[in-house]
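my_file-v2.csv (CSV, C-alpha atoms (C1' of nucleotides))
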chain,number,residue,atom,x,y,z
N,34,MET,CA,102.8,12.9,43.5
N,35,PRO,CA,99.7,10.7,43.4
N,36,GLU,CA,96.7,12.4,45.0
N,37,LEU,CA,93.0,11.8,44.6
N,38,PRO,CA,92.8,12.3,40.7
N,39,GLU,CA,95.8,10.1,40.1
N,40,LEU,CA,94.5,7.4,42.4
N,41,GLU,CA,91.0,7.6,40.8
N,42,THR,CA,92.6,7.2,37.4
N,43,THR,CA,94.7,4.3,38.6
N,44,VAL,CA,91.7,2.5,40.0
N,45,GLN,CA,89.6,3.0,36.9
N,46,GLU,CA,92.3,1.8,34.6
N,47,LEU,CA,93.4,-1.1,36.8
N,48,ARG,CA,90.0,-2.6,37.2
N,49,ASP,CA,89.7,-3.9,33.6
N,50,LYS,CA,93.1,-5.4,33.8
N,51,ILE,CA,93.4,-7.2,37.1
N,52,VAL,CA,89.9,-8.0,38.5
N,53,GLY,CA,89.3,-11.7,38.2
N,54,ARG,CA,93.0,-12.5,37.8
N,55,LYS,CA,94.7,-15.1,40.0
N,56,ILE,CA,98.0,-14.2,41.7
N,57,LEU,CA,100.4,-17.0,40.9
N,58,ARG,CA,103.7,-15.7,42.4
N,59,VAL,CA,105.0,-12.5,44.0
N,60,TRP,CA,108.5,-10.9,43.9
N,61,THR,CA,110.1,-8.1,45.8
N,62,ASP,CA,113.6,-6.6,46.3
N,63,PHE,CA,112.5,-4.4,49.2
N,64,GLY,CA,110.9,-6.3,52.0
N,65,LYS,CA,110.8,-3.2,54.3
N,66,MET,CA,107.8,-1.7,52.5
N,67,PHE,CA,105.5,-4.6,53.6
N,68,ARG,CA,103.4,-4.6,56.7
N,69,PRO,CA,103.5,-6.8,58.7
N,70,SER,CA,106.1,-8.6,56.6
N,71,PHE,CA,106.8,-9.8,53.0
N,72,ALA,CA,106.8,-13.4,54.2
N,73,GLU,CA,103.3,-12.9,55.6
N,74,PHE,CA,102.1,-11.1,52.5
N,75,GLN,CA,103.4,-13.8,50.2
N,76,LYS,CA,101.9,-16.6,52.2
N,77,VAL,CA,98.4,-15.0,52.2
N,78,VAL,CA,98.3,-13.5,48.7
N,79,VAL,CA,99.6,-16.3,46.4
N,80,GLY,CA,96.7,-18.4,45.0
N,81,GLN,CA,94.1,-15.6,45.6
N,82,VAL,CA,91.9,-14.2,43.0
N,83,ILE,CA,91.5,-10.4,42.8
N,84,LYS,CA,87.9,-9.5,43.5
N,85,ASP,CA,87.9,-5.7,43.3
N,86,VAL,CA,90.1,-2.6,43.2
N,87,SER,CA,89.0,0.6,44.9
N,88,ARG,CA,90.3,3.7,46.5
N,89,ARG,CA,90.0,5.6,49.9
N,90,GLY,CA,91.9,8.8,50.2
N,91,LYS,CA,95.3,8.2,48.8
N,92,ASN,CA,95.1,4.4,49.4
N,93,ILE,CA,94.6,1.8,46.8
N,94,ILE,CA,92.6,-1.1,48.1
N,95,ILE,CA,92.8,-4.5,46.4
N,96,LYS,CA,90.2,-7.0,47.7
N,97,LEU,CA,91.0,-10.7,47.5
N,98,ASP,CA,88.8,-13.8,47.2
N,99,SER,CA,89.4,-14.6,50.8
N,100,GLY,CA,87.8,-11.3,51.8
N,101,HIS,CA,91.1,-9.9,52.9
N,102,TYR,CA,92.7,-6.7,51.5
N,103,ILE,CA,96.0,-5.4,50.1
N,104,LEU,CA,96.3,-1.7,50.8
N,105,VAL,CA,98.9,0.3,48.8
N,106,HIS,CA,100.0,3.8,49.7
N,107,GLN,CA,102.1,5.2,46.8
N,108,LYS,CA,103.4,8.1,48.8
N,109,LEU,CA,105.6,10.4,46.7
N,110,THR,CA,106.8,8.5,43.7
N,111,GLY,CA,104.9,5.2,43.6
N,112,SER,CA,102.9,4.0,40.5
N,113,LEU,CA,100.9,0.8,40.1
N,114,LEU,CA,101.5,-0.5,36.6
N,115,ALA,CA,99.7,-3.4,34.8
N,116,GLY,CA,100.5,-5.1,31.6
N,117,ALA,CA,101.9,-8.2,29.9
N,118,GLU,CA,105.5,-7.6,31.1
N,119,ILE,CA,106.4,-4.5,33.1
N,120,LYS,CA,109.9,-3.1,32.5
N,121,ASN,CA,111.1,-0.2,34.6
N,122,PRO,CA,114.3,0.3,36.8
N,123,TYR,CA,112.3,1.2,39.9
N,124,LEU,CA,110.1,-1.9,40.4
N,125,HIS,CA,110.0,-3.2,44.0
N,126,LEU,CA,107.0,-5.5,43.8
N,127,ILE,CA,105.6,-7.7,41.0
N,128,LEU,CA,102.5,-9.8,41.2
N,129,PHE,CA,102.6,-12.4,38.5
N,130,LEU,CA,99.0,-13.1,37.5
N,131,ASP,CA,97.5,-15.8,35.4
N,132,LYS,CA,97.4,-13.2,32.7
N,133,GLY,CA,99.9,-10.3,32.8
N,134,GLN,CA,101.5,-8.6,35.8
N,135,LEU,CA,100.7,-5.9,38.4
N,136,ALA,CA,103.8,-4.0,39.5
N,137,LEU,CA,104.7,-1.2,41.9
N,138,SER,CA,107.3,1.2,40.7
N,139,ASP,CA,108.7,3.5,43.3
N,140,LEU,CA,111.8,5.6,42.8
N,141,ARG,CA,112.1,6.9,46.4
N,142,LYS,CA,111.0,3.7,48.1
N,143,PHE,CA,108.5,5.4,50.4
N,144,ALA,CA,105.5,3.4,49.3
N,145,LYS,CA,103.8,1.0,51.8
N,146,VAL,CA,102.0,-2.3,51.1
N,147,VAL,CA,99.8,-3.5,53.9
N,148,PHE,CA,98.0,-6.8,54.2
N,149,LEU,CA,94.8,-6.5,56.2
N,150,GLU,CA,92.2,-9.0,57.3
N,151,ASN,CA,89.8,-6.2,58.1
N,152,LEU,CA,90.1,-2.6,56.9
N,153,GLU,CA,88.4,-1.3,60.0
N,154,ASP,CA,91.1,-2.8,62.2
N,155,TYR,CA,93.6,-0.4,60.7
N,156,PRO,CA,93.6,3.0,62.5
N,157,ASP,CA,95.3,4.9,59.7
N,158,TYR,CA,92.5,3.8,57.4
N,159,LYS,CA,89.7,4.2,59.9
N,160,ASN,CA,90.7,7.8,60.8
N,161,LEU,CA,90.6,9.1,57.2
N,162,GLY,CA,88.3,12.1,56.6
N,163,VAL,CA,85.5,12.6,54.2
N,164,GLU,CA,85.8,11.9,50.5
N,165,PRO,CA,85.7,15.3,48.8
N,166,LEU,CA,83.9,14.1,45.7
N,167,SER,CA,81.3,12.1,47.6
N,168,ARG,CA,77.7,13.1,48.3
N,169,GLU,CA,78.7,13.2,52.0
N,170,PHE,CA,80.9,16.2,51.4
N,171,THR,CA,78.3,18.9,51.6
N,172,LEU,CA,78.9,22.6,52.2
N,173,GLU,CA,77.5,22.1,55.7
N,174,LYS,CA,80.0,19.2,56.3
N,175,PHE,CA,82.8,21.5,55.1
N,176,GLN,CA,81.7,24.3,57.4
N,177,GLU,CA,81.6,21.8,60.3
N,178,ILE,CA,85.2,20.6,59.5
N,179,LEU,CA,86.5,24.2,59.4
N,180,ARG,CA,84.8,25.0,62.7
N,181,GLN,CA,86.6,22.1,64.4
N,182,THR,CA,90.0,23.0,63.0
N,183,ARG,CA,92.7,25.5,63.6
N,184,GLY,CA,95.7,26.4,61.4
N,185,LYS,CA,96.4,27.6,57.9
N,186,THR,CA,94.0,26.8,55.2
N,187,LYS,CA,96.5,24.9,53.1
N,188,LYS,CA,97.4,22.6,56.0
N,189,VAL,CA,93.7,21.9,56.7
N,190,LEU,CA,93.0,21.0,53.0
N,191,MET,CA,95.9,18.5,53.1
N,192,ASP,CA,95.0,16.9,56.5
N,193,GLN,CA,94.0,13.4,55.5
N,194,ASN,CA,92.0,12.9,58.7
N,195,LYS,CA,89.7,15.9,57.8
N,196,ILE,CA,89.4,15.6,54.0
N,197,ALA,CA,91.0,12.5,52.3
N,198,GLY,CA,92.9,12.7,49.1
N,199,ILE,CA,94.2,16.3,48.6
N,200,GLY,CA,98.0,16.8,48.6
N,201,ASN,CA,100.4,19.5,47.6
N,202,ILE,CA,99.5,19.9,44.0
N,203,TYR,CA,95.8,20.2,44.3
N,204,SER,CA,95.8,22.2,47.5
N,205,ASP,CA,97.8,24.9,45.7
N,206,GLU,CA,95.5,24.8,42.7
N,207,ILE,CA,92.3,24.8,44.7
N,208,LEU,CA,93.5,27.8,46.7
N,209,PHE,CA,94.4,29.7,43.6
N,210,GLU,CA,91.0,29.0,42.1
N,211,ALA,CA,89.4,30.2,45.2
N,212,LYS,CA,91.7,33.3,45.5
N,213,ILE,CA,92.6,32.4,49.0
N,214,SER,CA,96.1,32.5,50.4
N,215,PRO,CA,97.6,29.2,51.6
N,216,LEU,CA,98.6,31.1,54.8
N,217,CYS,CA,95.1,32.4,55.6
N,218,GLU,CA,94.1,31.1,59.0
N,219,VAL,CA,90.9,29.0,58.8
N,220,LYS,CA,89.3,31.0,61.6
N,221,ASN,CA,89.5,34.1,59.5
N,222,LEU,CA,87.7,32.7,56.5
N,223,LYS,CA,84.4,34.5,55.8
N,224,GLU,CA,81.2,32.5,55.0
N,225,LYS,CA,81.4,33.6,51.4
N,226,GLU,CA,85.0,32.5,51.1
N,227,ILE,CA,84.2,29.1,52.6
N,228,LYS,CA,81.6,28.6,50.0
N,229,ILE,CA,84.0,29.6,47.2
N,230,LEU,CA,86.6,27.3,48.6
N,231,TYR,CA,84.2,24.4,48.8
N,232,GLN,CA,83.2,24.9,45.2
N,233,ALA,CA,86.9,25.1,44.1
N,234,ILE,CA,87.7,21.8,45.8
N,235,LYS,CA,85.0,20.0,43.8
N,236,LYS,CA,85.7,21.8,40.6
N,237,ILE,CA,89.5,21.3,40.5
N,238,LEU,CA,89.4,17.7,41.6
N,239,LYS,CA,86.7,16.8,39.1
N,240,LYS,CA,88.6,18.5,36.3
N,241,ALA,CA,91.8,16.7,37.2
N,242,VAL,CA,90.0,13.3,37.3
N,243,VAL,CA,88.7,13.9,33.8
N,244,ALA,CA,92.3,14.8,32.7
N,245,LYS,CA,93.5,11.6,34.3
N,246,GLY,CA,95.7,13.3,36.8
N,247,THR,CA,99.0,15.2,36.8
N,248,SER,CA,102.3,13.6,35.7
N,249,VAL,CA,104.5,16.4,37.0
N,250,SER,CA,107.1,14.1,38.4
N,251,ASP,CA,106.9,10.3,38.5
N,252,TYR,CA,103.2,9.5,38.4
N,253,ARG,CA,102.2,7.2,35.6
N,254,ARG,CA,98.9,5.6,34.8
N,255,PRO,CA,98.8,1.8,34.9
N,256,SER,CA,99.6,1.6,31.2
N,257,GLY,CA,102.7,3.8,31.7
N,258,LYS,CA,101.0,6.8,30.1
N,259,LYS,CA,101.1,10.3,31.6
N,260,GLY,CA,98.2,12.1,33.0
N,261,ASN,CA,97.1,15.3,31.2
N,262,PHE,CA,96.5,17.8,34.0
N,263,ALA,CA,100.0,19.3,34.1
N,264,LYS,CA,99.0,21.8,31.3
N,265,PHE,CA,96.2,23.1,33.4
N,266,LEU,CA,98.4,23.9,36.5
N,267,LYS,CA,98.2,27.6,37.3
N,268,VAL,CA,100.6,27.9,40.2
N,269,TYR,CA,102.1,24.6,41.2
N,270,GLN,CA,105.8,24.5,40.3
N,271,ARG,CA,105.5,27.8,38.5
N,272,GLU,CA,107.6,29.9,40.9
N,273,ASN,CA,108.7,33.2,39.4
N,274,GLU,CA,106.3,32.8,36.4
N,275,SER,CA,103.5,35.3,35.9
N,276,CYS,CA,100.1,34.7,37.5
N,277,PRO,CA,97.7,33.8,34.7
N,278,ARG,CA,95.0,35.9,36.3
N,279,CYS,CA,96.8,39.2,37.3
N,280,GLY,CA,100.3,38.9,36.0
N,281,ALA,CA,102.1,39.2,39.3
N,282,LYS,CA,105.1,36.9,40.0
N,283,ILE,CA,104.1,33.6,41.6
N,284,LYS,CA,105.8,32.9,44.9
N,285,ARG,CA,106.9,29.8,46.5
N,286,LEU,CA,107.0,29.6,50.3
N,287,LYS,CA,108.1,26.8,52.6
N,288,PHE,CA,106.1,26.2,55.8
N,289,GLY,CA,105.4,23.2,57.9
N,290,GLY,CA,107.9,21.2,55.9
N,291,ARG,CA,106.2,21.7,52.5
N,292,SER,CA,106.1,24.3,49.8
N,293,ALA,CA,103.1,26.4,48.8
N,294,HIS,CA,102.9,28.0,45.4
N,295,PHE,CA,100.6,31.0,45.1
N,296,CYS,CA,100.0,34.5,43.7
N,297,PRO,CA,100.7,37.0,46.4
N,298,ARG,CA,98.5,39.6,44.7
N,299,CYS,CA,95.3,37.8,43.9
N,300,GLN,CA,95.2,35.3,46.8
N,301,LYS,CA,94.3,37.0,50.1
X,28,DA,C1',95.4,16.3,73.2
X,29,DA,C1',97.6,18.8,69.9
X,30,DT,C1',101.7,20.1,67.7
X,31,DC,C1',106.5,19.8,66.4
X,32,DG,C1',110.7,17.6,64.5
X,33,DT,C1',112.7,13.5,62.5
X,34,DT,C1',112.8,9.7,59.6
X,35,DC,C1',112.5,7.0,55.4
X,36,DC,C1',115.0,7.3,50.1
X,37,DT,C1',117.3,8.7,45.7
X,38,DG,C1',117.7,11.7,41.5
X,39,DA,C1',118.6,16.3,40.3
X,40,DT,C1',121.1,20.2,41.0
X,41,DA,C1',124.5,23.4,43.0
X,42,DG,C1',129.0,24.4,44.6
X,43,DC,C1',133.8,23.7,44.6
P,3,DT,C1',135.6,16.7,35.1
P,4,DG,C1',134.2,14.6,39.1
P,5,DC,C1',133.3,14.7,43.7
P,6,DT,C1',130.3,15.9,47.8
P,7,DA,C1',126.4,18.5,49.9
P,8,DT,C1',121.7,19.9,49.8
P,9,DC,C1',117.0,19.4,48.8
P,10,DA,C1',112.2,17.6,47.8
P,11,DG,C1',108.3,15.4,50.0
P,12,DG,C1',103.5,12.0,52.7
P,13,DA,C1',102.7,10.6,56.7
P,14,DA,C1',104.1,7.5,60.7
P,15,DC,C1',106.3,8.1,64.8
P,16,DG,C1',108.5,9.8,68.9
P,17,DA,C1',109.1,13.7,71.8
P,18,DT,C1',107.3,17.7,74.1
Encoded form (structure tokens):
Amino acid sequence: MPELPELETTVQELRDKIVGRKILRVWTDFGKMFRPSFAEFQKVVVGQVIKDVSRRGKNIIIKLDSGHYILVHQKLTGSLLAGAEIKNPYLHLILFLDKGQLALSDLRKFAKVVFLENLEDYPDYKNLGVEPLSREFTLEKFQEILRQTRGKTKKVLMDQNKIAGIGNIYSDEILFEAKISPLCEVKNLKEKEIKILYQAIKKILKKAVVAKGTSVSDYRRPSGKKGNFAKFLKVYQRENESCPRCGAKIKRLKFGGRSAHFCPRCQK
DNA sequence: AATCGTTCCTGATAGC
DNA sequence: TGCTATCAGGAACGAT
């Protein structure tokens, strides 16, 4: 699923292809994914020139000539693809540009496309937490976030309103790197562990950005290529395999509606 | 106010 | 073989 490194890759690779392009026509077969409506979206978007592509948390933000925005959340299986002519059985949105196409592929149809006049008017956007690879995300900031939060460490890492961009794959990998159990209550983390966890967040996310993300299920880069991080995964989707650090059997545990993969021996 | 359960969707897999 | 049932999963939303 697309998380921060996948989105970062998407943005970097989309920029060259679509900034400066004019939107001539739009097509969809799934009007339900648009907010407020496809009719509204079509009316406002056609004829616009794409000014910029950026990212905030797991949201892709496309800025238009008019100063308005298209916000795309890819959820579980969405991918933004760009090229001369996109072919794929799961396309649900195509923007026909003056050169090439921009398309949204989404097997499970959970993705959302929102048209906004002003980003700050959108509470789901405004409430997003700190960007973990930004300068704002200092150790002090992380300590402050943890002081204000209760619950299990994995859940807090994945809370978009605390830290934006981390999902199931990278929370598992970060916790393994830091040797902390996903079930560990935040209030029980020692100062030293908080520092190690902070460093692990930066390290794993940076490494995954360099590798251009993880294509463990449906994620694809805008060119249709896969990301390269899957081969670096230590615990995610490795249930019953041996821990690469201590050799114990990796466990998978469901809690709070999601699954955590971890080594029961070396993650405390 | 914070937390919990439900919902959206479809391909893969298990069970018969 | 071919059918049906179950499951995964981000986050908005409604309920408590």
Find the residues of chain N in contact range of chain P, meaning any atom within 12 Å when counting all atoms listed in the file, and list them as a ChimeraX atom specification.
/N:34-36,91-92,106-111,141,143-145,156-157,191-194,198-202,250,287,289-292
So what do you get for atom CA of N:Asp62 versus atom CA of N:His125, distance-wise?
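So the two atoms, atom CA of N:Asp62 and atom CA of N:His125, lie 5.5 Å apart.
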Å distance separating atom C1' of X:DA28 from atom CA of N:Val147, one decimal place
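Answer for the atom C1' of X:DA28 to atom CA of N:Val147 separation: 28.0 Å.
One finds atom CA of N:Glu218 at 11.7 Å from atom CA of N:Arg180.
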Residues of chain X within 10 Å of chain N, counting only C-alpha atoms (C1' of nucleotides) - could you list those as a PyMOL selection string?
chain X and resi 31-32+35-38
Please provide the set of residues having any atom within 8 Å of N:Lys282, restricted to only C-alpha atoms (C1' of nucleotides), with same-chain residues fewer than 3 positions apart removed, written as a list of chain:residue names.
N:Glu272, N:Asn273, N:Glu274, N:Ser275, N:Cys276, N:Cys296, N:Pro297
Those residues you just picked out, can you put them in a file as a compact mmCIF listing (two decimals), in the coordinates of the input with C-alpha atoms?
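Written out: again_0.txt:
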# COMPACT_ATOMS: atom_id res chain seq x y z
CA GLU N 272 107.60 29.90 40.90
CA ASN N 273 108.70 33.20 39.40
CA GLU N 274 106.30 32.80 36.40
CA SER N 275 103.50 35.30 35.90
CA CYS N 276 100.10 34.70 37.50
CA CYS N 296 100.00 34.50 43.70
CA PRO N 297 100.70 37.00 46.40
Which one of N:Ile127, N:Ile207, N:Val243, N:Ile178 sits closest to N:Phe262 if you count all atoms listed in the file?
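Closest to N:Phe262 of all the choices is N:Val243.
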Polymer residues at most 12 Å from X:DA29, all atoms listed in the file, same-chain spacing of 5 or more positions, as a VMD selection string:
(chain N and resid 182 to 184) or (chain P and resid 18)
Kindly provide, as a PyMOL selection string, the polymer residues lying within 12 Å of (98.3, 6.8, 42.3), counting all atoms listed in the file and using the coordinates exactly as they appear in the file.
chain N and resi 34-47+87-94+105-114+137-139+144+198+200+242+245-248+251-255+257+259-260
Once you have the residues from the selection above, write them out as a short mmCIF file (atom, residue, chain, number, x, y, z; two decimals), in the frame of the given file, restricted to C-alpha atoms.
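Output saved as again-v3.cif:
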data_model
loop_
_atom_site.label_atom_id
_atom_site.label_comp_id
_atom_site.auth_asym_id
_atom_site.auth_seq_id
_atom_site.Cartn_x
_atom_site.Cartn_y
_atom_site.Cartn_z
CA MET N 34 102.80 12.90 43.50
CA PRO N 35 99.70 10.70 43.40
CA GLU N 36 96.70 12.40 45.00
CA LEU N 37 93.00 11.80 44.60
CA PRO N 38 92.80 12.30 40.70
CA GLU N 39 95.80 10.10 40.10
CA LEU N 40 94.50 7.40 42.40
CA GLU N 41 91.00 7.60 40.80
CA THR N 42 92.60 7.20 37.40
CA THR N 43 94.70 4.30 38.60
CA VAL N 44 91.70 2.50 40.00
CA GLN N 45 89.60 3.00 36.90
CA GLU N 46 92.30 1.80 34.60
CA LEU N 47 93.40 -1.10 36.80
CA SER N 87 89.00 0.60 44.90
CA ARG N 88 90.30 3.70 46.50
CA ARG N 89 90.00 5.60 49.90
CA GLY N 90 91.90 8.80 50.20
CA LYS N 91 95.30 8.20 48.80
CA ASN N 92 95.10 4.40 49.40
CA ILE N 93 94.60 1.80 46.80
CA ILE N 94 92.60 -1.10 48.10
CA VAL N 105 98.90 0.30 48.80
CA HIS N 106 100.00 3.80 49.70
CA GLN N 107 102.10 5.20 46.80
CA LYS N 108 103.40 8.10 48.80
CA LEU N 109 105.60 10.40 46.70
CA THR N 110 106.80 8.50 43.70
CA GLY N 111 104.90 5.20 43.60
CA SER N 112 102.90 4.00 40.50
CA LEU N 113 100.90 0.80 40.10
CA LEU N 114 101.50 -0.50 36.60
CA LEU N 137 104.70 -1.20 41.90
CA SER N 138 107.30 1.20 40.70
CA ASP N 139 108.70 3.50 43.30
CA ALA N 144 105.50 3.40 49.30
CA GLY N 198 92.90 12.70 49.10
CA GLY N 200 98.00 16.80 48.60
CA VAL N 242 90.00 13.30 37.30
CA LYS N 245 93.50 11.60 34.30
CA GLY N 246 95.70 13.30 36.80
CA THR N 247 99.00 15.20 36.80
CA SER N 248 102.30 13.60 35.70
CA ASP N 251 106.90 10.30 38.50
CA TYR N 252 103.20 9.50 38.40
CA ARG N 253 102.20 7.20 35.60
CA ARG N 254 98.90 5.60 34.80
CA PRO N 255 98.80 1.80 34.90
CA GLY N 257 102.70 3.80 31.70
CA LYS N 259 101.10 10.30 31.60
CA GLY N 260 98.20 12.10 33.00
#
Completion of stretch 243-256 of chain N up to N, CA, C and O atoms, as an mmCIF file, keeping the file's coordinate frame:
data_model
loop_
_atom_site.group_PDB
_atom_site.id
_atom_site.type_symbol
_atom_site.label_atom_id
_atom_site.label_comp_id
_atom_site.auth_asym_id
_atom_site.auth_seq_id
_atom_site.Cartn_x
_atom_site.Cartn_y
_atom_site.Cartn_z
ATOM 1 N N VAL N 243 88.998 14.046 35.241
ATOM 2 C CA VAL N 243 88.700 13.900 33.800
ATOM 3 C C VAL N 243 89.999 13.931 32.977
ATOM 4 O O VAL N 243 90.132 13.186 32.013
ATOM 5 N N ALA N 244 90.973 14.745 33.420
ATOM 6 C CA ALA N 244 92.300 14.800 32.700
ATOM 7 C C ALA N 244 93.183 13.653 33.039
ATOM 8 O O ALA N 244 94.306 13.591 32.557
ATOM 9 N N LYS N 245 92.730 12.770 33.904
ATOM 10 C CA LYS N 245 93.500 11.600 34.300
ATOM 11 C C LYS N 245 94.754 11.919 35.087
ATOM 12 O O LYS N 245 95.778 11.244 34.974
ATOM 13 N N GLY N 246 94.670 12.964 35.889
ATOM 14 C CA GLY N 246 95.700 13.300 36.800
ATOM 15 C C GLY N 246 96.883 14.094 36.257
ATOM 16 O O GLY N 246 96.863 14.486 35.092
ATOM 17 N N THR N 247 97.868 14.352 37.110
ATOM 18 C CA THR N 247 99.000 15.200 36.800
ATOM 19 C C THR N 247 100.281 14.353 36.827
ATOM 20 O O THR N 247 100.573 13.738 37.844
ATOM 21 N N SER N 248 101.047 14.348 35.732
ATOM 22 C CA SER N 248 102.300 13.600 35.700
ATOM 23 C C SER N 248 103.470 14.620 35.824
ATOM 24 O O SER N 248 104.280 14.730 34.920
ATOM 25 N N VAL N 249 103.513 15.375 36.912
ATOM 26 C CA VAL N 249 104.500 16.400 37.000
ATOM 27 C C VAL N 249 105.877 15.836 37.397
ATOM 28 O O VAL N 249 106.912 16.337 37.021
ATOM 29 N N SER N 250 105.874 14.746 38.143
ATOM 30 C CA SER N 250 107.100 14.100 38.400
ATOM 31 C C SER N 250 107.074 12.631 37.963
ATOM 32 O O SER N 250 107.228 12.339 36.787
ATOM 33 N N ASP N 251 106.779 11.731 38.883
ATOM 34 C CA ASP N 251 106.900 10.300 38.500
ATOM 35 C C ASP N 251 105.599 9.596 38.288
ATOM 36 O O ASP N 251 105.615 8.448 37.880
ATOM 37 N N TYR N 252 104.487 10.248 38.573
ATOM 38 C CA TYR N 252 103.200 9.500 38.400
ATOM 39 C C TYR N 252 102.988 9.034 37.010
ATOM 40 O O TYR N 252 103.159 9.782 36.042
ATOM 41 N N ARG N 253 102.591 7.780 36.910
ATOM 42 C CA ARG N 253 102.200 7.200 35.600
ATOM 43 C C ARG N 253 100.886 6.440 35.813
ATOM 44 O O ARG N 253 100.654 5.865 36.871
ATOM 45 N N ARG N 254 100.075 6.425 34.769
ATOM 46 C CA ARG N 254 98.900 5.600 34.800
ATOM 47 C C ARG N 254 99.312 4.124 34.651
ATOM 48 O O ARG N 254 100.467 3.864 34.275
ATOM 49 N N PRO N 255 98.407 3.174 34.952
ATOM 50 C CA PRO N 255 98.800 1.800 34.900
ATOM 51 C C PRO N 255 99.401 1.320 33.594
ATOM 52 O O PRO N 255 100.210 0.399 33.541
ATOM 53 N N SER N 256 99.022 1.982 32.527
ATOM 54 C CA SER N 256 99.600 1.600 31.200
ATOM 55 C C SER N 256 100.949 2.217 31.006
ATOM 56 O O SER N 256 101.594 1.923 30.000
#
